[in-house]
file upload_6.tsv (TSV, C-alpha atoms)
chain	number	residue	atom	x	y	z
A	51	MET	CA	3.30	-9.91	0.71
A	52	LYS	CA	-0.28	-9.47	-0.49
A	53	TYR	CA	-2.62	-12.35	-1.21
A	54	VAL	CA	-6.27	-13.00	-1.97
A	55	ILE	CA	-8.06	-15.93	-0.38
A	56	GLY	CA	-10.75	-17.34	-2.63
A	57	SER	CA	-13.38	-20.00	-2.18
A	58	GLY	CA	-16.49	-21.35	-3.81
A	59	TRP	CA	-19.91	-21.69	-2.25
A	60	TRP	CA	-22.76	-24.15	-2.58
A	61	CYS	CA	-25.31	-24.93	0.11
A	62	ALA	CA	-28.74	-26.47	-0.20
A	63	PRO	CA	-31.29	-28.21	2.03
A	64	PRO	CA	-30.30	-31.89	2.43
A	65	GLU	CA	-33.21	-33.09	0.30
A	66	GLU	CA	-32.03	-30.90	-2.59
A	67	ASP	CA	-28.38	-31.99	-2.53
A	68	GLU	CA	-27.95	-34.12	-5.65
A	69	ARG	CA	-24.23	-34.93	-5.33
A	70	GLU	CA	-23.43	-38.60	-5.79
A	71	LEU	CA	-21.15	-38.97	-2.76
A	72	LEU	CA	-21.16	-37.02	0.49
A	73	ILE	CA	-18.08	-37.38	2.70
A	74	GLY	CA	-17.66	-36.05	6.22
A	75	ASP	CA	-20.21	-34.93	8.77
A	76	ASP	CA	-23.34	-33.23	7.47
A	77	VAL	CA	-22.44	-30.12	9.47
A	78	ILE	CA	-19.77	-29.20	6.90
A	79	ARG	CA	-22.48	-28.84	4.26
A	80	GLY	CA	-24.57	-26.42	6.32
A	81	SER	CA	-24.42	-22.65	6.04
A	82	ASP	CA	-23.18	-22.19	9.62
A	83	PHE	CA	-19.95	-24.03	8.77
A	84	HIS	CA	-18.93	-20.88	6.87
A	85	LYS	CA	-18.58	-19.13	10.24
A	86	LEU	CA	-15.99	-21.69	11.36
A	87	TRP	CA	-14.24	-21.47	7.97
A	88	TYR	CA	-14.12	-17.68	8.35
A	89	LYS	CA	-12.72	-17.95	11.91
A	90	SER	CA	-10.00	-20.23	10.57
A	91	VAL	CA	-9.09	-17.78	7.82
A	92	CYS	CA	-9.11	-14.73	10.11
A	93	GLU	CA	-7.07	-16.40	12.86
A	94	TYR	CA	-4.34	-17.96	10.76
A	95	THR	CA	-4.04	-15.79	7.64
A	96	ASP	CA	-3.86	-12.10	6.71
A	97	PRO	CA	-5.41	-11.66	3.24
A	98	GLU	CA	-5.94	-8.43	1.33
A	99	LYS	CA	-9.33	-9.70	0.17
A	100	ILE	CA	-11.57	-12.73	0.73
A	101	LEU	CA	-13.56	-13.65	-2.37
A	102	ILE	CA	-16.51	-16.05	-2.16
A	103	VAL	CA	-17.95	-17.21	-5.51
A	104	ASP	CA	-21.50	-18.46	-5.00
A	105	SER	CA	-22.82	-20.88	-7.62
A	106	CYS	CA	-26.41	-19.60	-7.42
A	107	SER	CA	-26.87	-21.49	-4.17
A	108	PRO	CA	-30.35	-21.79	-2.58
A	109	ILE	CA	-28.75	-20.79	0.74
A	110	LYS	CA	-26.31	-17.89	0.74
A	111	PRO	CA	-23.21	-17.85	2.96
A	112	PRO	CA	-23.58	-15.85	6.20
A	113	ILE	CA	-20.67	-13.55	5.36
A	114	ASN	CA	-19.43	-10.90	7.77
A	115	MET	CA	-20.80	-7.69	6.28
A	116	ASP	CA	-18.57	-5.61	8.56
A	117	ASP	CA	-15.37	-7.03	7.07
A	118	ASP	CA	-14.40	-4.84	4.11
A	119	ARG	CA	-12.11	-7.58	2.83
A	120	VAL	CA	-15.00	-9.94	2.09
A	121	GLU	CA	-16.60	-9.89	-1.38
A	122	LEU	CA	-19.42	-12.15	-2.57
A	123	VAL	CA	-19.85	-12.85	-6.30
A	124	ARG	CA	-23.06	-14.66	-7.18
A	125	LEU	CA	-23.25	-16.58	-10.46
A	126	ASN	CA	-26.53	-16.95	-12.33
A	127	ILE	CA	-26.31	-20.76	-12.55
A	128	ASN	CA	-25.22	-23.73	-10.50
A	129	ALA	CA	-22.77	-25.48	-12.81
A	130	GLY	CA	-22.68	-28.50	-10.52
A	131	HIS	CA	-20.08	-31.03	-9.38
A	132	ASN	CA	-17.54	-32.36	-11.87
A	133	THR	CA	-19.40	-35.69	-11.95
A	134	ASN	CA	-22.55	-33.94	-13.21
A	135	HIS	CA	-22.14	-30.39	-14.48
A	136	LYS	CA	-23.30	-27.86	-17.06
A	137	GLY	CA	-20.95	-26.59	-19.77
A	138	LYS	CA	-17.23	-27.27	-19.82
A	139	TYR	CA	-16.47	-26.41	-16.18
A	140	CYS	CA	-17.92	-27.46	-12.86
A	141	GLY	CA	-18.70	-24.98	-10.09
A	142	CYS	CA	-15.42	-25.19	-8.19
A	143	VAL	CA	-13.28	-24.59	-11.30
A	144	ARG	CA	-15.37	-21.53	-12.19
A	145	ALA	CA	-14.81	-20.18	-8.66
A	146	MET	CA	-11.08	-20.84	-8.93
A	147	GLU	CA	-10.74	-19.14	-12.33
A	148	ILE	CA	-12.66	-16.09	-11.14
A	149	GLY	CA	-10.46	-15.93	-8.06
A	150	LEU	CA	-7.28	-16.11	-10.10
A	151	LEU	CA	-8.38	-13.23	-12.34
A	152	TYR	CA	-9.56	-11.24	-9.33
A	153	THR	CA	-6.12	-11.64	-7.77
A	154	LEU	CA	-4.49	-10.13	-10.86
A	155	MET	CA	-6.89	-7.19	-10.88
A	156	CYS	CA	-6.14	-6.58	-7.19
A	157	GLU	CA	-2.40	-6.51	-7.94
A	158	ALA	CA	-1.93	-9.13	-5.24
A	159	ASP	CA	1.14	-11.35	-5.17
A	160	TYR	CA	-0.59	-14.70	-4.62
A	161	TYR	CA	-3.95	-16.41	-5.04
A	162	VAL	CA	-4.78	-18.78	-2.21
A	163	TYR	CA	-7.73	-21.12	-2.59
A	164	VAL	CA	-9.36	-22.54	0.54
A	165	GLU	CA	-12.30	-24.85	-0.11
A	166	GLN	CA	-15.52	-23.98	1.74
A	167	ASP	CA	-15.26	-27.17	3.85
A	168	ALA	CA	-11.51	-26.86	4.53
A	169	LEU	CA	-10.09	-25.62	7.83
A	170	LEU	CA	-6.60	-24.21	8.35
A	171	TYR	CA	-4.39	-24.34	11.42
A	172	GLY	CA	-1.22	-22.46	12.31
A	173	SER	CA	-0.57	-18.73	12.54
A	174	GLY	CA	1.15	-17.60	9.34
A	175	ILE	CA	0.39	-20.82	7.44
A	176	ILE	CA	0.33	-18.98	4.09
A	177	GLU	CA	3.61	-17.20	4.78
A	178	HIS	CA	5.15	-20.51	5.86
A	179	CYS	CA	4.14	-22.15	2.57
A	180	VAL	CA	5.34	-19.23	0.45
A	181	SER	CA	8.71	-19.27	2.22
A	182	LYS	CA	9.19	-22.83	0.92
A	183	MET	CA	8.14	-22.03	-2.67
A	184	LYS	CA	10.59	-23.10	-5.36
A	185	LYS	CA	7.96	-23.30	-8.10
A	186	PRO	CA	5.20	-20.74	-8.65
A	187	ILE	CA	2.32	-23.13	-7.90
A	188	MET	CA	1.68	-25.35	-4.87
A	189	PHE	CA	-0.99	-28.04	-4.54
A	190	GLY	CA	-1.71	-30.55	-1.84
A	191	SER	CA	-0.08	-33.93	-2.31
A	192	GLY	CA	-2.27	-36.47	-4.06
A	193	SER	CA	-0.56	-39.37	-2.30
A	194	ASN	CA	-3.14	-41.72	-0.76
A	195	THR	CA	-5.90	-40.05	-2.77
A	196	PRO	CA	-7.33	-41.02	-6.19
A	197	CYS	CA	-5.61	-38.08	-7.94
A	198	ARG	CA	-2.19	-36.48	-8.26
A	199	THR	CA	-3.15	-33.20	-6.64
A	200	GLN	CA	-5.45	-32.01	-3.89
A	201	GLN	CA	-7.19	-28.67	-4.39
A	202	SER	CA	-8.88	-27.84	-1.11
A	203	PHE	CA	-5.91	-25.56	-0.36
A	204	PHE	CA	-3.48	-24.33	-3.01
A	205	ILE	CA	-1.36	-21.29	-3.87
A	206	VAL	CA	-0.55	-19.65	-7.23
A	207	ARG	CA	2.00	-16.87	-7.56
A	208	LYS	CA	0.98	-13.81	-9.57
A	209	ASP	CA	3.46	-14.32	-12.41
A	210	ALA	CA	2.10	-17.83	-13.07
A	211	ILE	CA	-1.60	-16.96	-13.21
A	212	TRP	CA	-1.96	-16.01	-16.91
A	213	GLY	CA	0.04	-18.99	-18.11
A	214	PHE	CA	-1.85	-21.36	-15.85
A	215	LEU	CA	-5.24	-20.08	-17.01
A	216	LYS	CA	-4.22	-20.24	-20.66
A	217	SER	CA	-2.99	-23.80	-20.27
A	218	LEU	CA	-6.04	-24.88	-18.28
A	219	ASN	CA	-8.49	-23.44	-20.78
A	220	SER	CA	-6.66	-25.02	-23.73
A	221	ILE	CA	-7.51	-28.49	-22.42
A	222	PRO	CA	-10.36	-29.54	-24.73
A	223	TYR	CA	-12.02	-31.96	-22.32
A	224	THR	CA	-14.78	-31.20	-19.82
A	225	ASP	CA	-14.37	-31.53	-16.06
A	226	SER	CA	-16.40	-34.73	-16.14
A	227	GLN	CA	-13.99	-36.24	-18.68
A	228	ILE	CA	-10.85	-35.19	-16.78
A	229	ASN	CA	-11.44	-34.26	-13.17
A	230	PRO	CA	-10.14	-30.88	-11.94
A	231	GLU	CA	-7.37	-32.39	-9.79
A	232	GLU	CA	-5.83	-34.01	-12.86
A	233	LYS	CA	-6.55	-31.00	-15.08
A	234	PHE	CA	-4.66	-28.69	-12.74
A	235	HIS	CA	-1.66	-31.00	-12.73
A	236	ILE	CA	-1.75	-31.06	-16.55
A	237	ALA	CA	-2.13	-27.28	-16.78
A	238	CYS	CA	1.07	-26.81	-14.76
A	239	SER	CA	3.12	-29.25	-16.81
A	240	LEU	CA	6.05	-28.21	-18.96
A	241	VAL	CA	4.48	-30.41	-21.65
A	242	PRO	CA	1.78	-28.57	-23.67
A	243	SER	CA	-1.54	-29.28	-21.98
A	244	ILE	CA	-3.32	-30.28	-25.17
A	245	ILE	CA	-0.74	-33.07	-25.66
A	246	GLN	CA	-0.66	-34.22	-22.06
A	247	SER	CA	-4.45	-34.19	-21.72
A	248	TRP	CA	-4.77	-36.37	-24.84
A	249	VAL	CA	-2.23	-38.83	-23.42
A	250	TYR	CA	-4.06	-38.91	-20.10
A	251	MET	CA	-7.46	-39.47	-21.74
A	252	HIS	CA	-6.15	-42.43	-23.75
A	253	SER	CA	-3.90	-43.97	-21.10
A	254	SER	CA	-6.44	-45.99	-19.13
A	255	ASN	CA	-6.37	-48.93	-21.56
A	256	ASN	CA	-2.93	-48.38	-23.07
A	257	SER	CA	0.11	-49.41	-21.04
A	258	PHE	CA	2.54	-47.41	-23.19
A	259	LEU	CA	0.53	-44.18	-22.85
A	260	LYS	CA	0.17	-44.86	-19.14
A	261	TRP	CA	3.96	-45.03	-18.92
A	262	VAL	CA	4.28	-41.80	-20.94
A	263	ASP	CA	1.77	-40.09	-18.65
A	264	TRP	CA	3.82	-41.15	-15.63
A	265	GLN	CA	7.01	-39.80	-17.19
A	266	PHE	CA	5.29	-36.46	-17.75
A	267	PHE	CA	4.34	-36.41	-14.07
A	268	LYS	CA	7.77	-37.51	-12.89
A	269	PHE	CA	9.99	-35.23	-14.99
A	270	PHE	CA	7.87	-32.31	-16.27
A	271	ARG	CA	5.70	-31.40	-13.29
A	272	GLY	CA	5.43	-27.63	-12.97
A	273	TRP	CA	4.11	-27.51	-9.41
A	274	GLN	CA	5.33	-28.54	-5.99
A	275	VAL	CA	3.67	-30.10	-3.00
A	276	LEU	CA	2.51	-27.87	-0.16
A	277	PRO	CA	4.82	-28.13	2.85
A	278	VAL	CA	1.78	-28.85	5.06
A	279	ASP	CA	-0.58	-31.85	5.27
A	280	TYR	CA	-3.45	-33.18	5.04
A	281	GLY	CA	-6.54	-32.23	3.00
A	282	ARG	CA	-8.47	-35.46	2.50
A	283	VAL	CA	-5.64	-37.66	3.79
A	284	ARG	CA	-6.11	-39.43	7.10
A	285	PRO	CA	-5.21	-39.83	9.89
A	286	LEU	CA	-4.78	-36.25	11.06
A	287	ASP	CA	-2.03	-35.24	13.46
A	288	MET	CA	-3.29	-32.08	15.12
A	289	LYS	CA	-0.07	-31.70	17.10
A	290	ARG	CA	1.70	-30.32	14.05
A	291	PRO	CA	2.32	-26.55	13.92
A	292	PHE	CA	0.60	-26.25	10.52
A	293	PHE	CA	-2.08	-28.37	8.85
A	294	TYR	CA	-5.35	-28.21	6.95
A	295	PHE	CA	-8.17	-30.67	6.41
A	296	GLN	CA	-11.46	-31.03	4.58
A	297	HIS	CA	-14.34	-33.53	4.71
A	298	GLY	CA	-14.10	-33.36	8.50
A	299	GLY	CA	-15.96	-35.84	10.64
A	300	ARG	CA	-17.71	-34.77	13.84
A	301	VAL	CA	-14.93	-36.07	16.08
A	302	GLU	CA	-12.28	-34.29	13.99
A	303	ILE	CA	-14.17	-31.00	14.08
A	304	ASP	CA	-14.62	-31.28	17.86
A	305	GLU	CA	-10.89	-31.93	18.27
A	306	TYR	CA	-10.15	-28.89	16.10
A	307	LEU	CA	-12.45	-26.71	18.21
A	308	GLU	CA	-10.75	-27.89	21.39
A	309	LEU	CA	-7.32	-27.20	19.89
A	310	THR	CA	-8.14	-23.71	18.60
A	311	GLY	CA	-10.48	-22.59	21.34
A	312	PHE	CA	-12.90	-21.32	18.69
A	313	GLU	CA	-16.47	-20.76	19.85
A	314	TRP	CA	-18.85	-22.25	17.31
A	315	ASN	CA	-22.25	-23.81	17.80
A	316	GLY	CA	-22.53	-25.83	14.61
call {"tool": "encode", "arguments": {"input": "upload_6.tsv", "output": "structure tokens"}}
result
Amino acid sequence: MKYVIGSGWWCAPPEEDERELLIGDDVIRGSDFHKLWYKSVCEYTDPEKILIVDSCSPIKPPINMDDDRVELVRLNINAGHNTNHKGKYCGCVRAMEIGLLYTLMCEADYYVYVEQDALLYGSGIIEHCVSKMKKPIMFGSGSNTPCRTQQSFFIVRKDAIWGFLKSLNSIPYTDSQINPEEKFHIACSLVPSIIQSWVYMHSSNNSFLKWVDWQFFKFFRGWQVLPVDYGRVRPLDMKRPFFYFQHGGRVEIDEYLELTGFEWNG
């Protein structure tokens, strides 16, 4: 089984970070956190390639130049967060789309996205997830979050990539109009994405369309939930054999370091 691990990258001095809401300890937004992210990937996964898509960040990631698997692609603009972005797509969606295409060109079997502030735990976590795959796309559960999916860790099988990209790009709304977590759910649906996205956009003040949108989610969902927790969901149970989390607080990161035995001075 061959897979590509992809991620985005944005890092700036604290005074230049214009995002509306910052969650988790400030250490996860620093460049040195990449070293812990990389340790997590190397310890618990076995990718063919590791692709980092940098959104023209003021501070570049300290990638391991001795690892032939690691590739850095640097965009000429910072598209921004989905709450305030340039063009149709925010920075993370651009990184994800590039990673999906890169996976096809590498003739890999799966694209695995791991957000730059997400940490994995459990040897063979990717293989474990793939062994449970009944649908070609897996996202984190959106339960107890504002959206129906979580995207800090997800998997797309090779045969679903073209269809997913086509469906995603046919959604006429920007990432600020429909956030990426909802867009990705819509792009996987068995209902044409242009129809489902219209229903979603007009459902907030229409009880009938809200019901229709829920039926689409309930009966026509084309993705399944990852067989591992947690992403943004709390509390964390670090006694489980497999888990992942993002937006880590200082206490959580210290507990993770104690569990893994990783040496990191962030």
call {"tool": "closest_residue", "arguments": {"input": "upload_6.tsv", "among": "A:Asp263, A:Asp279, A:Glu165, A:Glu121", "to": "A:Ser90", "atoms": "all atoms listed in the file"}}
result
A:Glu165
call {"tool": "closest_residue", "arguments": {"input": "upload_6.tsv", "among": "A:Asn126, A:Gln166, A:Asn132, A:Gln274", "to": "A:Cys238", "atoms": "all atoms listed in the file"}}
result
A:Gln274
call {"tool": "closest_atom_pairs", "arguments": {"input": "upload_6.tsv", "of": "stretch 78-113 of chain A", "to": "stretch 143-162 of chain A", "cutoff": "12 Å", "atoms": "all atoms listed in the file", "output": "Markdown table"}}
result
| residue | atom | partner | partner_atom | distance |
| --- | --- | --- | --- | --- |
| A:Val91 | CA | A:Val162 | CA | 11.0 |
| A:Thr95 | CA | A:Val162 | CA | 10.3 |
| A:Asp96 | CA | A:Val162 | CA | 11.2 |
| A:Pro97 | CA | A:Val162 | CA | 9.0 |
| A:Glu98 | CA | A:Ala158 | CA | 7.7 |
| A:Lys99 | CA | A:Cys156 | CA | 8.6 |
| A:Ile100 | CA | A:Gly149 | CA | 9.4 |
| A:Leu101 | CA | A:Gly149 | CA | 6.9 |
| A:Ile102 | CA | A:Ala145 | CA | 7.9 |
| A:Val103 | CA | A:Ala145 | CA | 5.3 |
| A:Asp104 | CA | A:Ala145 | CA | 7.8 |
| A:Ser105 | CA | A:Ala145 | CA | 8.1 |
| A:Cys106 | CA | A:Ala145 | CA | 11.7 |
call {"tool": "residues_near_point", "arguments": {"input": "upload_6.tsv", "point": "(-19.8, -27.7, -14.4)", "cutoff": "12 Å", "atoms": "only C-alpha atoms", "output": "PDB file with C-alpha atoms, in the frame of the given file"}}
result
ATOM      1  CA  SER A 105     -22.820 -20.880  -7.620  1.00  0.00           C
ATOM      2  CA  ILE A 127     -26.310 -20.760 -12.550  1.00  0.00           C
ATOM      3  CA  ASN A 128     -25.220 -23.730 -10.500  1.00  0.00           C
ATOM      4  CA  ALA A 129     -22.770 -25.480 -12.810  1.00  0.00           C
ATOM      5  CA  GLY A 130     -22.680 -28.500 -10.520  1.00  0.00           C
ATOM      6  CA  HIS A 131     -20.080 -31.030  -9.380  1.00  0.00           C
ATOM      7  CA  ASN A 132     -17.540 -32.360 -11.870  1.00  0.00           C
ATOM      8  CA  THR A 133     -19.400 -35.690 -11.950  1.00  0.00           C
ATOM      9  CA  ASN A 134     -22.550 -33.940 -13.210  1.00  0.00           C
ATOM     10  CA  HIS A 135     -22.140 -30.390 -14.480  1.00  0.00           C
ATOM     11  CA  LYS A 136     -23.300 -27.860 -17.060  1.00  0.00           C
ATOM     12  CA  GLY A 137     -20.950 -26.590 -19.770  1.00  0.00           C
ATOM     13  CA  LYS A 138     -17.230 -27.270 -19.820  1.00  0.00           C
ATOM     14  CA  TYR A 139     -16.470 -26.410 -16.180  1.00  0.00           C
ATOM     15  CA  CYS A 140     -17.920 -27.460 -12.860  1.00  0.00           C
ATOM     16  CA  GLY A 141     -18.700 -24.980 -10.090  1.00  0.00           C
ATOM     17  CA  CYS A 142     -15.420 -25.190  -8.190  1.00  0.00           C
ATOM     18  CA  VAL A 143     -13.280 -24.590 -11.300  1.00  0.00           C
ATOM     19  CA  ARG A 144     -15.370 -21.530 -12.190  1.00  0.00           C
ATOM     20  CA  ALA A 145     -14.810 -20.180  -8.660  1.00  0.00           C
ATOM     21  CA  TYR A 223     -12.020 -31.960 -22.320  1.00  0.00           C
ATOM     22  CA  THR A 224     -14.780 -31.200 -19.820  1.00  0.00           C
ATOM     23  CA  ASP A 225     -14.370 -31.530 -16.060  1.00  0.00           C
ATOM     24  CA  SER A 226     -16.400 -34.730 -16.140  1.00  0.00           C
ATOM     25  CA  GLN A 227     -13.990 -36.240 -18.680  1.00  0.00           C
ATOM     26  CA  ILE A 228     -10.850 -35.190 -16.780  1.00  0.00           C
ATOM     27  CA  ASN A 229     -11.440 -34.260 -13.170  1.00  0.00           C
ATOM     28  CA  PRO A 230     -10.140 -30.880 -11.940  1.00  0.00           C
TER      29      PRO A 230
END
call {"tool": "residues_around", "arguments": {"input": "upload_6.tsv", "residues": "A:Pro63", "least_positions_apart": "5", "cutoff": "9 Å", "atoms": "only C-alpha atoms", "output": "short mmCIF file (atom, residue, chain, number, x, y, z; two decimals) with C-alpha atoms, in the coordinates of the input"}}
result
data_model
loop_
_atom_site.label_atom_id
_atom_site.label_comp_id
_atom_site.auth_asym_id
_atom_site.auth_seq_id
_atom_site.Cartn_x
_atom_site.Cartn_y
_atom_site.Cartn_z
CA GLY A 80 -24.57 -26.42 6.32
CA PRO A 108 -30.35 -21.79 -2.58
CA ILE A 109 -28.75 -20.79 0.74
#
call {"tool": "atom_distance", "arguments": {"input": "upload_6.tsv", "atom1": "atom CA of A:Leu125", "atom2": "atom CA of A:Trp87"}}
result
21.1 Å
call {"tool": "closest_residue", "arguments": {"input": "upload_6.tsv", "among": "A:Ser173, A:Lys89, A:Asp82, A:Ile205", "to": "A:Gly56", "atoms": "all atoms listed in the file"}}
result
A:Ile205
call {"tool": "residues_around", "arguments": {"input": "upload_6.tsv", "residues": "stretch 210-222 of chain A", "least_positions_apart": "3", "cutoff": "8 Å", "atoms": "only C-alpha atoms", "output": "VMD selection string"}}
result
chain A and resid 147 150 to 151 154 186 to 187 206 to 207 233 to 234 236 to 238 242 to 244 247
call {"tool": "residues_around", "arguments": {"input": "upload_6.tsv", "residues": "A:Glu302", "least_positions_apart": "5", "cutoff": "12 Å", "atoms": "only C-alpha atoms", "output": "list of chain:residue names"}}
result
A:Gly74, A:Asp75, A:Val77, A:Ile78, A:Leu169, A:Arg284, A:Pro285, A:Leu286, A:Asp287, A:Met288, A:Tyr294, A:Phe295, A:Gln296, A:His297, A:Leu307, A:Glu308, A:Leu309
call {"tool": "write_last_selection", "arguments": {"input": "upload_6.tsv", "atoms": "C-alpha atoms", "output": "PDB file, keeping the file's coordinate frame"}}
result
ATOM      1  CA  GLY A  74     -17.660 -36.050   6.220  1.00  0.00           C
ATOM      2  CA  ASP A  75     -20.210 -34.930   8.770  1.00  0.00           C
ATOM      3  CA  VAL A  77     -22.440 -30.120   9.470  1.00  0.00           C
ATOM      4  CA  ILE A  78     -19.770 -29.200   6.900  1.00  0.00           C
ATOM      5  CA  LEU A 169     -10.090 -25.620   7.830  1.00  0.00           C
ATOM      6  CA  ARG A 284      -6.110 -39.430   7.100  1.00  0.00           C
ATOM      7  CA  PRO A 285      -5.210 -39.830   9.890  1.00  0.00           C
ATOM      8  CA  LEU A 286      -4.780 -36.250  11.060  1.00  0.00           C
ATOM      9  CA  ASP A 287      -2.030 -35.240  13.460  1.00  0.00           C
ATOM     10  CA  MET A 288      -3.290 -32.080  15.120  1.00  0.00           C
ATOM     11  CA  TYR A 294      -5.350 -28.210   6.950  1.00  0.00           C
ATOM     12  CA  PHE A 295      -8.170 -30.670   6.410  1.00  0.00           C
ATOM     13  CA  GLN A 296     -11.460 -31.030   4.580  1.00  0.00           C
ATOM     14  CA  HIS A 297     -14.340 -33.530   4.710  1.00  0.00           C
ATOM     15  CA  LEU A 307     -12.450 -26.710  18.210  1.00  0.00           C
ATOM     16  CA  GLU A 308     -10.750 -27.890  21.390  1.00  0.00           C
ATOM     17  CA  LEU A 309      -7.320 -27.200  19.890  1.00  0.00           C
TER      18      LEU A 309
END
call {"tool": "residues_around", "arguments": {"input": "upload_6.tsv", "residues": "stretch 192-202 of chain A", "least_positions_apart": "5", "cutoff": "8 Å", "atoms": "only C-alpha atoms", "output": "list in words"}}
result
Tyr163, Val164, Glu165, Ala168, Glu231, Glu232, Phe234, His235, Gly281, Arg282, Val283 and Gln296 of chain A
call {"tool": "closest_residue", "arguments": {"input": "upload_6.tsv", "among": "A:Gly190, A:Glu93, A:Asn315, A:Lys185", "to": "A:Lys208", "atoms": "only C-alpha atoms"}}
result
A:Lys185
call {"tool": "closest_residue", "arguments": {"input": "upload_6.tsv", "among": "A:His178, A:His252, A:His84, A:Arg271", "to": "A:Cys61", "atoms": "all atoms listed in the file"}}
result
A:His84
call {"tool": "atom_distance", "arguments": {"input": "upload_6.tsv", "atom1": "atom CA of A:Trp273", "atom2": "atom CA of A:Met188"}}
result
5.6 Å
call {"tool": "atom_distance", "arguments": {"input": "upload_6.tsv", "atom1": "atom CA of A:Lys260", "atom2": "atom CA of A:Lys184"}}
result
27.8 Å
